[in-house]
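Enquirer: My structure is in query.csv, and what it holds is CSV, C-alpha atoms:
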chain,number,residue,atom,x,y,z
A,947,MET,CA,-20.1,25.9,76.3
A,948,SER,CA,-20.8,24.1,73.2
A,949,GLU,CA,-18.0,22.6,71.2
A,950,PHE,CA,-17.9,23.1,67.5
A,951,VAL,CA,-16.3,20.1,65.7
A,952,THR,CA,-15.4,20.9,62.2
A,953,ALA,CA,-15.6,18.0,59.8
A,954,PRO,CA,-12.3,17.2,58.1
A,955,PRO,CA,-12.1,18.0,54.4
A,956,PRO,CA,-12.8,15.1,52.1
A,957,PRO,CA,-9.7,13.3,50.9
A,958,SER,CA,-8.7,14.6,47.5
A,959,SER,CA,-8.9,12.1,44.8
A,960,PRO,CA,-5.5,10.8,43.6
A,961,SER,CA,-4.5,13.0,40.7
A,962,GLN,CA,-4.1,11.1,37.4
A,963,PRO,CA,-1.0,12.0,35.3
A,964,GLY,CA,-1.9,14.2,32.3
A,965,TYR,CA,-1.3,13.4,28.7
A,966,ASP,CA,2.3,14.3,27.8
A,967,PHE,CA,2.1,15.9,24.3
A,968,VAL,CA,5.8,16.3,23.8
A,969,LYS,CA,7.1,12.9,25.0
A,970,PRO,CA,6.0,11.0,21.9
A,971,PHE,CA,8.3,13.1,19.8
A,972,GLY,CA,11.3,12.8,22.0
A,973,PHE,CA,11.2,9.4,23.7
A,974,VAL,CA,13.0,7.7,20.8
A,975,PHE,CA,16.1,9.8,21.4
A,976,GLN,CA,16.2,8.8,25.1
A,977,ASP,CA,16.9,5.2,24.2
A,978,ARG,CA,20.5,4.1,24.4
A,979,ASP,CA,20.4,2.4,21.0
A,980,TRP,CA,17.9,4.6,19.2
A,981,LEU,CA,20.0,5.2,16.1
A,982,SER,CA,20.5,1.5,15.5
A,983,LYS,CA,16.8,0.8,16.1
A,984,ILE,CA,15.7,3.6,13.7
A,985,LEU,CA,18.2,2.6,11.0
A,986,ILE,CA,17.0,-1.1,11.1
A,987,GLY,CA,13.4,0.1,11.2
A,988,GLY,CA,14.0,2.3,8.2
A,989,LEU,CA,15.3,-0.6,6.2
A,990,PHE,CA,12.1,-2.6,7.1
A,991,GLU,CA,10.2,0.5,6.0
A,992,ILE,CA,11.9,0.3,2.6
A,993,ALA,CA,11.0,-3.4,2.4
A,994,SER,CA,7.4,-2.2,2.9
A,995,ILE,CA,7.4,-1.1,-0.7
A,996,PHE,CA,6.9,-4.7,-1.6
A,997,ILE,CA,4.6,-5.5,1.4
A,998,ILE,CA,6.8,-7.8,3.4
A,999,GLY,CA,8.3,-5.1,5.5
A,1000,ILE,CA,4.9,-3.8,6.6
A,1001,PHE,CA,4.4,-6.9,8.8
A,1002,PHE,CA,7.7,-6.4,10.7
A,1003,VAL,CA,7.1,-2.7,11.2
A,1004,ALA,CA,3.5,-3.3,12.4
A,1005,GLY,CA,4.7,-6.1,14.8
A,1006,TYR,CA,7.4,-3.9,16.2
A,1007,CYS,CA,4.9,-1.1,16.8
A,1008,ALA,CA,2.6,-3.6,18.6
A,1009,ARG,CA,5.5,-4.5,21.0
A,1010,LEU,CA,6.2,-0.9,21.5
A,1011,ALA,CA,2.6,-0.1,22.3
A,1012,ARG,CA,2.5,-2.9,24.9
A,1013,ASN,CA,5.7,-1.6,26.5
A,1014,VAL,CA,4.3,1.9,26.7
A,1015,ILE,CA,1.0,0.7,28.2
A,1016,ALA,CA,3.1,-1.3,30.8
A,1017,GLY,CA,4.8,2.0,31.7
A,1018,MET,CA,8.3,0.9,30.8
A,1019,GLU,CA,11.0,3.5,31.2
A,1020,SER,CA,12.6,2.7,27.9
A,1021,PRO,CA,9.9,1.3,25.7
A,1022,LEU,CA,11.6,1.1,22.3
A,1023,PRO,CA,12.0,-2.7,21.8
A,1024,ASP,CA,15.1,-4.4,20.3
A,1025,TRP,CA,14.9,-5.8,16.8
A,1026,ASN,CA,14.8,-9.4,18.0
A,1027,ASP,CA,11.8,-11.8,17.9
A,1028,LEU,CA,11.4,-11.1,14.2
A,1029,GLY,CA,9.3,-14.2,13.8
A,1030,GLU,CA,6.8,-12.9,16.4
A,1031,TYR,CA,6.9,-9.4,14.9
A,1032,PHE,CA,6.0,-10.8,11.6
A,1033,ALA,CA,3.1,-13.0,12.9
A,1034,GLU,CA,1.6,-10.1,14.9
A,1035,GLY,CA,2.1,-7.7,12.0
A,1036,LEU,CA,0.3,-10.0,9.7
A,1037,ARG,CA,-2.7,-10.1,12.1
A,1038,LEU,CA,-2.8,-6.3,12.3
A,1039,ALA,CA,-2.5,-5.9,8.5
A,1040,CYS,CA,-5.4,-8.3,8.2
A,1041,ILE,CA,-7.5,-6.1,10.5
A,1042,VAL,CA,-6.7,-3.0,8.5
A,1043,LEU,CA,-7.6,-4.9,5.3
A,1044,VAL,CA,-10.9,-6.0,6.7
A,1045,TYR,CA,-11.8,-2.5,7.7
A,1046,ALA,CA,-10.6,-1.2,4.3
A,1047,ILE,CA,-12.6,-3.7,2.2
A,1048,PRO,CA,-16.1,-2.1,2.6
A,1049,VAL,CA,-14.6,1.3,1.7
A,1050,ALA,CA,-12.8,-0.2,-1.4
A,1051,ILE,CA,-16.0,-1.9,-2.5
A,1052,LEU,CA,-18.0,1.3,-2.1
A,1053,ALA,CA,-15.3,3.2,-4.1
A,1054,GLY,CA,-15.5,0.5,-6.8
A,1055,VAL,CA,-19.2,0.7,-7.0
A,1056,ILE,CA,-19.3,4.5,-7.4
A,1057,PHE,CA,-16.0,5.4,-9.1
A,1058,VAL,CA,-15.9,2.7,-11.8
A,1059,PRO,CA,-19.4,3.5,-13.3
A,1060,ALA,CA,-18.7,7.3,-12.9
A,1061,ALA,CA,-15.3,7.0,-14.8
A,1062,ILE,CA,-17.0,5.0,-17.6
A,1063,MET,CA,-19.8,7.5,-17.9
A,1064,SER,CA,-17.3,10.4,-17.8
A,1065,SER,CA,-15.4,9.0,-20.8
A,1066,SER,CA,-18.5,7.9,-22.8
A,1067,GLY,CA,-18.4,10.9,-25.1
A,1068,HIS,CA,-22.1,11.5,-24.5
A,1069,ASP,CA,-22.8,15.0,-22.9
A,1070,ILE,CA,-25.5,13.9,-20.5
A,1071,LEU,CA,-23.6,10.8,-19.3
A,1072,GLU,CA,-20.4,12.8,-19.0
A,1073,ASN,CA,-22.1,15.4,-16.8
A,1074,LEU,CA,-23.8,12.7,-14.7
A,1075,GLY,CA,-20.5,10.9,-14.3
A,1076,GLY,CA,-18.8,14.1,-13.2
A,1077,GLY,CA,-21.6,14.8,-10.7
A,1078,MET,CA,-21.3,11.2,-9.3
A,1079,MET,CA,-17.5,11.7,-8.9
A,1080,ALA,CA,-18.0,15.0,-7.0
A,1081,CYS,CA,-20.7,13.4,-4.7
A,1082,ALA,CA,-18.4,10.4,-4.1
A,1083,TRP,CA,-15.6,12.6,-3.0
A,1084,CYS,CA,-17.9,14.4,-0.5
A,1085,LEU,CA,-18.8,10.9,0.8
A,1086,PHE,CA,-15.3,9.5,1.0
A,1087,PHE,CA,-13.6,12.3,2.8
A,1088,PRO,CA,-15.7,11.9,6.0
A,1089,ILE,CA,-15.6,8.1,5.7
A,1090,SER,CA,-11.8,8.1,5.4
A,1091,LEU,CA,-11.4,10.6,8.2
A,1092,ALA,CA,-13.7,8.5,10.5
A,1093,LEU,CA,-11.7,5.4,9.6
A,1094,ALA,CA,-8.4,7.1,10.3
A,1095,ILE,CA,-9.6,8.2,13.7
A,1096,TYR,CA,-11.2,4.8,14.6
A,1097,LEU,CA,-8.6,2.4,13.3
A,1098,PRO,CA,-5.8,3.1,15.8
A,1099,ALA,CA,-8.2,2.3,18.7
A,1100,ALA,CA,-9.2,-0.9,17.1
A,1101,LEU,CA,-5.6,-1.9,16.5
A,1102,LEU,CA,-4.8,-1.0,20.1
A,1103,PHE,CA,-7.5,-3.3,21.4
A,1104,SER,CA,-6.1,-6.1,19.3
A,1105,VAL,CA,-2.5,-5.5,20.4
A,1106,VAL,CA,-3.5,-5.4,24.1
A,1107,GLU,CA,-5.7,-8.5,24.0
A,1108,GLY,CA,-3.6,-10.4,21.5
A,1109,THR,CA,-6.7,-11.4,19.5
A,1110,PHE,CA,-8.0,-10.7,16.0
A,1111,GLY,CA,-11.6,-10.4,17.3
A,1112,ALA,CA,-10.8,-7.6,19.8
A,1113,ALA,CA,-10.4,-5.2,16.9
A,1114,PHE,CA,-14.1,-5.7,16.0
A,1115,ASP,CA,-15.5,-5.2,19.5
A,1116,PHE,CA,-17.2,-2.0,18.2
A,1117,GLY,CA,-19.1,-1.1,21.4
A,1118,ARG,CA,-16.0,-1.2,23.6
A,1119,ILE,CA,-13.8,0.6,21.1
A,1120,LEU,CA,-16.3,3.4,20.6
A,1121,ARG,CA,-16.8,3.7,24.3
A,1122,PHE,CA,-13.0,3.9,24.8
A,1123,ILE,CA,-12.8,6.7,22.2
A,1124,ARG,CA,-15.7,8.6,23.7
A,1125,ASP,CA,-14.6,8.3,27.3
A,1126,ASN,CA,-11.0,9.4,26.5
A,1127,ALA,CA,-11.8,11.8,23.7
A,1128,ALA,CA,-9.4,14.5,24.9
A,1129,ASN,CA,-6.4,12.3,25.1
A,1130,TYR,CA,-7.3,10.5,21.9
A,1131,ILE,CA,-7.6,13.7,20.0
A,1132,LEU,CA,-4.2,14.8,21.3
A,1133,ALA,CA,-2.8,11.5,20.2
A,1134,PHE,CA,-4.3,12.0,16.7
A,1135,VAL,CA,-2.8,15.5,16.5
A,1136,VAL,CA,0.6,14.0,17.4
A,1137,TYR,CA,0.2,11.5,14.7
A,1138,LEU,CA,-0.7,14.2,12.1
A,1139,ILE,CA,2.3,16.4,13.1
A,1140,ALA,CA,4.6,13.4,12.9
A,1141,ARG,CA,3.3,12.5,9.4
A,1142,PHE,CA,3.8,16.1,8.3
A,1143,ALA,CA,7.4,15.9,9.4
A,1144,VAL,CA,8.1,12.8,7.3
A,1145,PRO,CA,9.1,14.6,4.1
A,1146,LEU,CA,11.9,16.3,6.0
A,1147,GLY,CA,13.7,13.0,5.4
A,1148,LEU,CA,14.0,13.8,1.7
A,1149,ILE,CA,16.8,16.2,2.7
A,1150,ALA,CA,19.0,13.2,3.6
A,1151,LEU,CA,19.6,12.1,0.1
A,1152,CYS,CA,16.0,11.1,-0.6
A,1153,ILE,CA,16.2,7.7,1.0
A,1154,GLY,CA,16.0,9.4,4.4
A,1155,ILE,CA,12.2,9.6,4.0
A,1156,PHE,CA,11.9,6.0,4.9
A,1157,PHE,CA,13.8,6.5,8.2
A,1158,THR,CA,11.7,9.6,9.1
A,1159,GLY,CA,8.6,7.5,8.0
A,1160,PHE,CA,9.5,4.8,10.5
A,1161,TRP,CA,10.2,7.4,13.2
A,1162,ALA,CA,6.7,8.9,12.6
A,1163,MET,CA,5.1,5.4,13.0
A,1164,VAL,CA,6.9,4.9,16.3
A,1165,VAL,CA,5.8,8.4,17.5
A,1166,ALA,CA,2.2,7.7,16.5
A,1167,THR,CA,2.3,4.4,18.3
A,1168,PHE,CA,3.6,5.9,21.5
A,1169,ALA,CA,1.0,8.7,21.3
A,1170,PHE,CA,-2.0,6.3,21.0
A,1171,ALA,CA,-0.6,3.8,23.5
A,1172,GLN,CA,-0.2,6.6,26.0
A,1173,ALA,CA,-3.8,7.6,25.5
A,1174,TYR,CA,-4.7,3.9,26.2
A,1175,ARG,CA,-2.5,3.8,29.3
A,1176,LEU,CA,-4.2,6.9,30.8
A,1177,ARG,CA,-7.7,5.7,29.9
A,1178,ARG,CA,-10.6,6.2,32.3
A,1179,ILE,CA,-12.0,2.8,33.2
B,791,MET,CA,35.5,-19.5,13.4
B,792,ALA,CA,32.5,-21.7,12.6
B,793,GLN,CA,29.5,-19.7,13.5
B,794,SER,CA,26.1,-19.7,11.7
B,795,LEU,CA,23.7,-16.9,11.3
B,796,GLY,CA,21.0,-16.7,14.0
B,797,ARG,CA,17.2,-17.0,13.3
B,798,ASN,CA,16.5,-13.3,13.5
B,799,ALA,CA,19.4,-12.4,11.2
B,800,ARG,CA,18.3,-15.0,8.7
B,801,ILE,CA,14.7,-13.6,8.7
B,802,ALA,CA,15.9,-10.0,8.4
B,803,GLY,CA,18.5,-11.0,5.8
B,804,LEU,CA,15.8,-12.5,3.6
B,805,ALA,CA,13.6,-9.4,3.9
B,806,PHE,CA,16.5,-7.0,3.4
B,807,ILE,CA,18.1,-8.7,0.4
B,808,ALA,CA,14.8,-8.5,-1.4
B,809,ILE,CA,15.2,-4.6,-1.4
B,810,PRO,CA,18.2,-4.4,-3.7
B,811,ILE,CA,17.0,-7.3,-5.8
B,812,PHE,CA,13.6,-5.7,-6.3
B,813,ILE,CA,14.8,-2.1,-6.9
B,814,LEU,CA,17.8,-2.9,-9.1
B,815,GLY,CA,15.9,-5.6,-11.0
B,816,THR,CA,13.0,-3.3,-11.8
B,817,SER,CA,15.4,-0.4,-12.6
B,818,VAL,CA,17.2,-2.6,-15.2
B,819,LEU,CA,13.9,-3.8,-16.6
B,820,CYS,CA,12.6,-0.2,-16.9
B,821,SER,CA,15.8,0.9,-18.7
B,822,TRP,CA,15.6,-2.1,-21.1
B,823,ALA,CA,11.9,-1.4,-21.8
B,824,ILE,CA,12.5,2.3,-22.5
B,825,ALA,CA,15.5,1.4,-24.7
B,826,HIS,CA,13.2,-0.8,-26.7
B,827,GLY,CA,10.5,1.8,-27.2
B,828,ALA,CA,8.5,2.0,-23.9
B,829,ALA,CA,7.4,5.5,-22.8
B,830,PRO,CA,9.9,7.4,-20.5
B,831,GLY,CA,7.0,7.8,-18.1
B,832,TRP,CA,7.8,4.4,-16.7
B,833,ARG,CA,10.6,6.2,-14.8
B,834,ILE,CA,8.1,8.1,-12.7
B,835,PRO,CA,7.3,5.4,-10.1
B,836,PHE,CA,11.0,5.3,-9.2
B,837,ARG,CA,10.6,8.8,-7.8
B,838,ILE,CA,9.5,7.2,-4.6
B,839,PHE,CA,13.1,6.1,-4.0
B,840,CYS,CA,15.2,8.6,-5.9
B,841,HIS,CA,15.1,12.0,-7.8
B,842,GLY,CA,16.3,10.1,-10.9
B,843,ILE,CA,17.8,13.2,-12.6
B,844,PRO,CA,19.0,11.8,-15.9
B,845,ASP,CA,22.5,13.5,-15.8
B,846,ARG,CA,23.2,11.8,-12.5
B,847,CYS,CA,22.1,8.3,-13.6
B,848,LEU,CA,24.2,5.5,-15.1
B,849,LEU,CA,23.4,4.6,-18.7
B,850,LEU,CA,22.1,1.1,-19.7
B,851,TRP,CA,21.4,0.4,-23.3
B,852,GLY,CA,22.1,4.0,-23.9
B,853,VAL,CA,19.3,5.1,-21.6
B,854,PRO,CA,19.7,6.6,-18.2
B,855,MET,CA,18.6,4.3,-15.4
B,856,PRO,CA,15.5,5.5,-13.4
B,857,ILE,CA,17.6,5.7,-10.1
B,858,CYS,CA,20.7,7.8,-9.8
B,859,ALA,CA,24.3,6.4,-9.7
B,860,ARG,CA,24.5,6.9,-6.0
B,861,CYS,CA,21.3,4.9,-5.2
B,862,THR,CA,22.3,2.2,-7.7
B,863,ALA,CA,25.6,1.8,-5.8
B,864,ILE,CA,24.0,1.9,-2.4
B,865,TYR,CA,21.7,-1.0,-3.4
B,866,ILE,CA,24.6,-3.0,-5.0
B,867,GLY,CA,26.7,-2.4,-1.8
B,868,LEU,CA,23.7,-3.3,0.4
B,869,PHE,CA,23.4,-6.6,-1.5
B,870,ALA,CA,27.1,-7.3,-1.2
B,871,GLY,CA,27.2,-6.4,2.5
B,872,LEU,CA,24.3,-8.7,3.4
B,873,VAL,CA,25.9,-11.6,1.5
B,874,ALA,CA,29.3,-10.9,3.0
B,875,PHE,CA,27.9,-10.9,6.6
B,876,ALA,CA,26.0,-14.1,5.9
B,877,ALA,CA,29.3,-15.6,4.9
B,878,MET,CA,31.3,-14.1,7.8
B,879,PRO,CA,28.8,-13.9,10.8
B,880,TRP,CA,31.6,-13.7,13.3
B,881,MET,CA,32.2,-10.1,12.6
B,882,ARG,CA,31.7,-7.8,15.6
B,883,GLU,CA,28.8,-5.3,15.7
B,884,ASP,CA,30.8,-2.6,17.5
B,885,VAL,CA,33.6,-2.7,14.9
B,886,LEU,CA,31.1,-2.7,12.0
B,887,ARG,CA,29.2,0.2,13.5
B,888,ILE,CA,32.3,2.4,13.6
B,889,ALA,CA,33.1,1.2,10.0
B,890,MET,CA,29.6,2.2,8.9
B,891,TYR,CA,29.8,5.7,10.5
B,892,ALA,CA,33.2,6.2,8.7
B,893,ALA,CA,31.8,4.8,5.4
B,894,VAL,CA,28.9,7.2,5.4
B,895,VAL,CA,31.1,10.3,5.8
B,896,PRO,CA,32.3,10.4,2.1
B,897,LEU,CA,28.8,9.9,0.9
B,898,ALA,CA,27.5,12.7,3.2
B,899,VAL,CA,30.2,15.1,2.2
B,900,ASP,CA,29.7,14.4,-1.5
B,901,GLY,CA,25.9,14.7,-1.2
B,902,ILE,CA,25.7,17.7,1.0
B,903,THR,CA,28.3,19.8,-0.8
B,904,GLN,CA,26.4,19.2,-4.0
B,905,LEU,CA,23.0,19.9,-2.3
B,906,ILE,CA,24.2,23.3,-1.2
B,907,HIS,CA,25.7,24.0,-4.6
B,908,LEU,CA,29.3,24.2,-3.5
B,909,ARG,CA,30.4,21.8,-6.2
B,910,GLU,CA,28.9,19.3,-8.7
B,911,SER,CA,29.8,15.6,-8.1
B,912,THR,CA,30.5,13.1,-10.8
B,913,ASN,CA,28.9,9.7,-11.4
B,914,THR,CA,32.1,7.9,-10.6
B,915,LEU,CA,32.3,9.7,-7.2
B,916,ARG,CA,28.6,9.1,-6.6
B,917,PHE,CA,29.0,5.4,-7.4
B,918,GLY,CA,32.1,5.0,-5.3
B,919,THR,CA,30.8,6.7,-2.2
B,920,GLY,CA,27.5,5.0,-2.5
B,921,LEU,CA,29.0,1.6,-2.9
B,922,VAL,CA,31.2,1.9,0.2
B,923,ALA,CA,28.3,3.2,2.3
B,924,GLY,CA,25.9,0.5,1.1
B,925,LEU,CA,28.4,-2.2,1.8
B,926,ALA,CA,29.2,-1.0,5.3
B,927,PHE,CA,25.5,-0.6,6.1
B,928,GLY,CA,24.6,-4.1,4.8
B,929,LEU,CA,27.4,-5.6,6.9
B,930,TRP,CA,26.4,-3.7,10.0
B,931,VAL,CA,22.6,-4.1,9.9
B,932,LEU,CA,22.6,-7.9,10.2
B,933,SER,CA,25.3,-7.8,12.9
B,934,ALA,CA,23.1,-5.4,14.9
B,935,ILE,CA,20.1,-7.8,14.7
B,936,GLU,CA,22.4,-10.7,15.5
B,937,LYS,CA,23.9,-9.0,18.5
B,938,PRO,CA,21.1,-9.3,21.1
B,939,GLU,CA,20.6,-13.0,20.1
B,940,ARG,CA,24.3,-13.7,20.4
B,941,HIS,CA,24.4,-12.1,23.9
B,942,GLY,CA,21.2,-13.9,24.9
B,943,LEU,CA,19.3,-10.6,25.3
B,944,ARG,CA,15.6,-10.5,24.8
B,945,SER,CA,13.5,-7.4,25.1
B,946,PRO,CA,10.3,-7.6,27.1
Could I get this structure in the form of structure tokens?
Expert:
Amino acid sequence: MSEFVTAPPPPSSPSQPGYDFVKPFGFVFQDRDWLSKILIGGLFEIASIFIIGIFFVAGYCARLARNVIAGMESPLPDWNDLGEYFAEGLRLACIVLVYAIPVAILAGVIFVPAAIMSSSGHDILENLGGGMMACAWCLFFPISLALAIYLPAALLFSVVEGTFGAAFDFGRILRFIRDNAANYILAFVVYLIARFAVPLGLIALCIGIFFTGFWAMVVATFAFAQAYRLRRI
Amino acid sequence: MAQSLGRNARIAGLAFIAIPIFILGTSVLCSWAIAHGAAPGWRIPFRIFCHGIPDRCLLLWGVPMPICARCTAIYIGLFAGLVAFAAMPWMREDVLRIAMYAAVVPLAVDGITQLIHLRESTNTLRFGTGLVAGLAFGLWVLSAIEKPERHGLRSP
């Protein structure tokens, strides 16, 4: 009698945790000192009106991103190390500026002549100027959208590696976005929802908008950092 | 109690104190300019911070300020609170936090009852409640930043 030996089923691949769409909105409130941290962050957000606060907020978000990527239980950092937050925020702001410069130059090259032509008082030039403006808007919308999608990944790379140059490693950044497109799009949707929620802060005596603005920054940072943590290597 | 302000609180204090100086300074400048013939449209950029409804604003040179009485008082209070904490850094964060919560209550009651049209506040009341809240917030915010440093805590 022949024996039939059935081969054991192949081991199932370890399941990777999925992207948690809700956690970015709620993780702040799980922190013991969330109110203090948001209030202080909101004040730095007000200080962003005259630029200086931007660096502190950006540096704080960078620390938060690293904590999320490291899988910390309570990733919202304390408002200490302000010197480090400022220095890192300055680096991130410079990265954003470098990416924004070509767009700003392009806008200047198209919009300034178009505006001059539109107000020249000459019919043909006015029409030409108007047409240039319309074409420019058609060009700038996709460019701005592409930059808005790309920039968080570039900043994440700089935050993780702690260098300025990492934000300009185009090949790796694009590969990261492409390979993790689903999670990255989810993170972008979280960011959009959080931004839409910001005006709700107006209800709290107008000034509340700065505190909801800071909350939205923190939510977006968590969302993108989570996409990075779950990345496929 | 001889105790000096920590490094983080000094950095934050400098960033925060620029807020009232900048907003109040530009508000006063804007009122002065409008009183001397500038277009009222200069009030519009201040909508970022405040509704600026003229009836609810204090008058300077006979012209309503671009931010309301409540916001003006909050920023004056914030300035005073930051300076006061820098002078008395030994104040405890937990006590100041409770004081801040208590100080925000009158402002919230005044603002919310007006928002839902239960009553109309006055500029004196707006100024008073705003000043108390701003002062308490200014005192607390630096103590909250000073606290982890004082206790030797450092987040990862």
Enquirer: Could the residues of chain A that have an atom at most 8 Å from chain B be listed as CSV, each with its closest atom pair and the distance in Å to one decimal, counting only C-alpha atoms and ordered by chain and ascending residue number?
Expert:
residue,atom,partner,partner_atom,distance
A:Ser982,CA,B:Ala934,CA,7.4
A:Ile986,CA,B:Val931,CA,6.5
A:Leu989,CA,B:Phe806,CA,7.1
A:Phe990,CA,B:Phe806,CA,7.2
A:Ile992,CA,B:Ile809,CA,7.1
A:Ala993,CA,B:Ile809,CA,5.8
A:Ile998,CA,B:Ala805,CA,7.0
A:Gly999,CA,B:Ala805,CA,7.0
A:Asn1013,CA,B:Pro946,CA,7.6
A:Pro1023,CA,B:Ser945,CA,5.9
A:Asp1024,CA,B:Ser945,CA,5.9
A:Trp1025,CA,B:Ile935,CA,6.0
A:Asn1026,CA,B:Asn798,CA,6.2
A:Asp1027,CA,B:Asn798,CA,6.6
A:Leu1028,CA,B:Asn798,CA,5.6
A:Gly1029,CA,B:Asn798,CA,7.3
A:Leu1151,CA,B:Gly901,CA,6.9
A:Cys1152,CA,B:Cys840,CA,5.9
A:Ile1153,CA,B:Phe839,CA,6.1
Enquirer: Interatomic distance between atom CA of B:Leu850 and atom CA of B:Trp822?
Expert: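 About the pair atom CA of B:Leu850 and atom CA of B:Trp822: they are 7.4 Å apart.
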Enquirer: Pick out the residues sitting within 9 Å of B:Val895, and hand them over as a list of chain:residue names; count all atoms listed in the file, and ignore anything fewer than 4 positions along from it in its own chain.
Expert: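 Final neighbour list, sorted by chain and number: B:Met890, B:Tyr891, B:Val899, B:Asp900, B:Thr919, B:Ala923.
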Enquirer: Rank nothing, just name the residue among A:Ala1127, A:Ile1155, A:Ala1112, A:Val974 nearest to A:Arg1037, using only C-alpha atoms.
Expert: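 Of A:Ala1127, A:Ile1155, A:Ala1112, A:Val974, the one nearest A:Arg1037 is A:Ala1112, counting only C-alpha atoms.
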Enquirer: Can you tell me how far atom CA of A:Phe1103 sits from atom CA of A:Tyr1174, in Å to one decimal?
Expert: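 Between atom CA of A:Phe1103 and atom CA of A:Tyr1174 the gap works out to 9.1 Å.
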Enquirer: Skip B:Phe869 itself and residues of its chain fewer than 3 positions away, then list as a list of chain:residue names all residues within 7 Å of it, counting only C-alpha atoms.
Expert: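 These residues fall inside the cut-off: B:Ile807, B:Pro810, B:Tyr865, B:Ile866, B:Leu872, B:Val873, B:Gly928.
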Enquirer: Considering all atoms listed in the file, state which residue in the set B:Ile824, B:Pro830, B:Thr816, B:Leu929 is at the smallest distance from B:Val885.
Expert: B:Leu929
Enquirer: List the neighbours of A:Leu1138 out to 12 Å using all atoms listed in the file; skip same-chain residues closer than 4 positions along the sequence, and give me the result as a PyMOL selection string.
Expert: chain A and resi 971+1091+1094-1095+1131-1134+1142-1144+1162-1163+1165-1167+1169-1170
Enquirer: Select, counting all atoms listed in the file, all protein, DNA and RNA residues no farther than 10 Å from (17.0, 4.6, -12.5) in file coordinates, and express the selection as number ranges by chain.
Expert: B: 813-814, 816-821, 833-834, 836-837, 839-844, 846-850, 853-859, 861-862
Enquirer: Report, in Å to a single decimal, how far apart atom CA of A:Gly1154 and atom CA of B:Pro896 are.
Expert: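 Separation of atom CA of B:Pro896 and atom CA of A:Gly1154: 16.5 Å.
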Enquirer: Give the answer as one residue: which of A:Phe967, A:Arg1177, A:Leu1038, A:Ala1082 has the shortest atom-to-atom distance to A:Thr1109, using only C-alpha atoms?
Expert: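 Ranked by minimum distance to A:Thr1109, first place goes to A:Leu1038.
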Enquirer: Rebuild N, CA, C and O atoms on stretch 824-834 of chain B, as a PDB file, in the coordinates of the input?
Expert:
ATOM      1  N   ILE B 824      12.496   1.006 -21.825  1.00  0.00           N
ATOM      2  CA  ILE B 824      12.500   2.300 -22.500  1.00  0.00           C
ATOM      3  C   ILE B 824      13.468   2.303 -23.684  1.00  0.00           C
ATOM      4  O   ILE B 824      13.146   2.878 -24.730  1.00  0.00           O
ATOM      5  N   ALA B 825      14.592   1.575 -23.556  1.00  0.00           N
ATOM      6  CA  ALA B 825      15.500   1.400 -24.700  1.00  0.00           C
ATOM      7  C   ALA B 825      14.865   0.736 -25.870  1.00  0.00           C
ATOM      8  O   ALA B 825      15.282   0.910 -27.016  1.00  0.00           O
ATOM      9  N   HIS B 826      13.841  -0.057 -25.592  1.00  0.00           N
ATOM     10  CA  HIS B 826      13.200  -0.800 -26.700  1.00  0.00           C
ATOM     11  C   HIS B 826      11.796  -0.195 -26.992  1.00  0.00           C
ATOM     12  O   HIS B 826      10.884  -0.903 -27.420  1.00  0.00           O
ATOM     13  N   GLY B 827      11.652   1.089 -26.705  1.00  0.00           N
ATOM     14  CA  GLY B 827      10.500   1.800 -27.200  1.00  0.00           C
ATOM     15  C   GLY B 827       9.386   2.116 -26.204  1.00  0.00           C
ATOM     16  O   GLY B 827       8.392   2.757 -26.569  1.00  0.00           O
ATOM     17  N   ALA B 828       9.538   1.701 -24.922  1.00  0.00           N
ATOM     18  CA  ALA B 828       8.500   2.000 -23.900  1.00  0.00           C
ATOM     19  C   ALA B 828       8.545   3.531 -23.603  1.00  0.00           C
ATOM     20  O   ALA B 828       9.562   4.193 -23.827  1.00  0.00           O
ATOM     21  N   ALA B 829       7.451   4.043 -23.067  1.00  0.00           N
ATOM     22  CA  ALA B 829       7.400   5.500 -22.800  1.00  0.00           C
ATOM     23  C   ALA B 829       8.299   5.823 -21.589  1.00  0.00           C
ATOM     24  O   ALA B 829       8.410   5.039 -20.637  1.00  0.00           O
ATOM     25  N   PRO B 830       8.981   6.993 -21.648  1.00  0.00           N
ATOM     26  CA  PRO B 830       9.900   7.400 -20.500  1.00  0.00           C
ATOM     27  C   PRO B 830       9.094   7.569 -19.215  1.00  0.00           C
ATOM     28  O   PRO B 830       9.688   7.615 -18.157  1.00  0.00           O
ATOM     29  N   GLY B 831       7.777   7.665 -19.295  1.00  0.00           N
ATOM     30  CA  GLY B 831       7.000   7.800 -18.100  1.00  0.00           C
ATOM     31  C   GLY B 831       7.090   6.644 -17.123  1.00  0.00           C
ATOM     32  O   GLY B 831       6.748   6.774 -15.942  1.00  0.00           O
ATOM     33  N   TRP B 832       7.623   5.528 -17.581  1.00  0.00           N
ATOM     34  CA  TRP B 832       7.800   4.400 -16.700  1.00  0.00           C
ATOM     35  C   TRP B 832       8.872   4.682 -15.604  1.00  0.00           C
ATOM     36  O   TRP B 832       8.989   3.934 -14.641  1.00  0.00           O
ATOM     37  N   ARG B 833       9.628   5.766 -15.819  1.00  0.00           N
ATOM     38  CA  ARG B 833      10.600   6.200 -14.800  1.00  0.00           C
ATOM     39  C   ARG B 833       9.938   6.769 -13.563  1.00  0.00           C
ATOM     40  O   ARG B 833      10.515   6.772 -12.477  1.00  0.00           O
ATOM     41  N   ILE B 834       8.723   7.286 -13.752  1.00  0.00           N
ATOM     42  CA  ILE B 834       8.100   8.100 -12.700  1.00  0.00           C
ATOM     43  C   ILE B 834       7.899   7.308 -11.367  1.00  0.00           C
ATOM     44  O   ILE B 834       8.200   7.849 -10.300  1.00  0.00           O
TER      45      ILE B 834
END
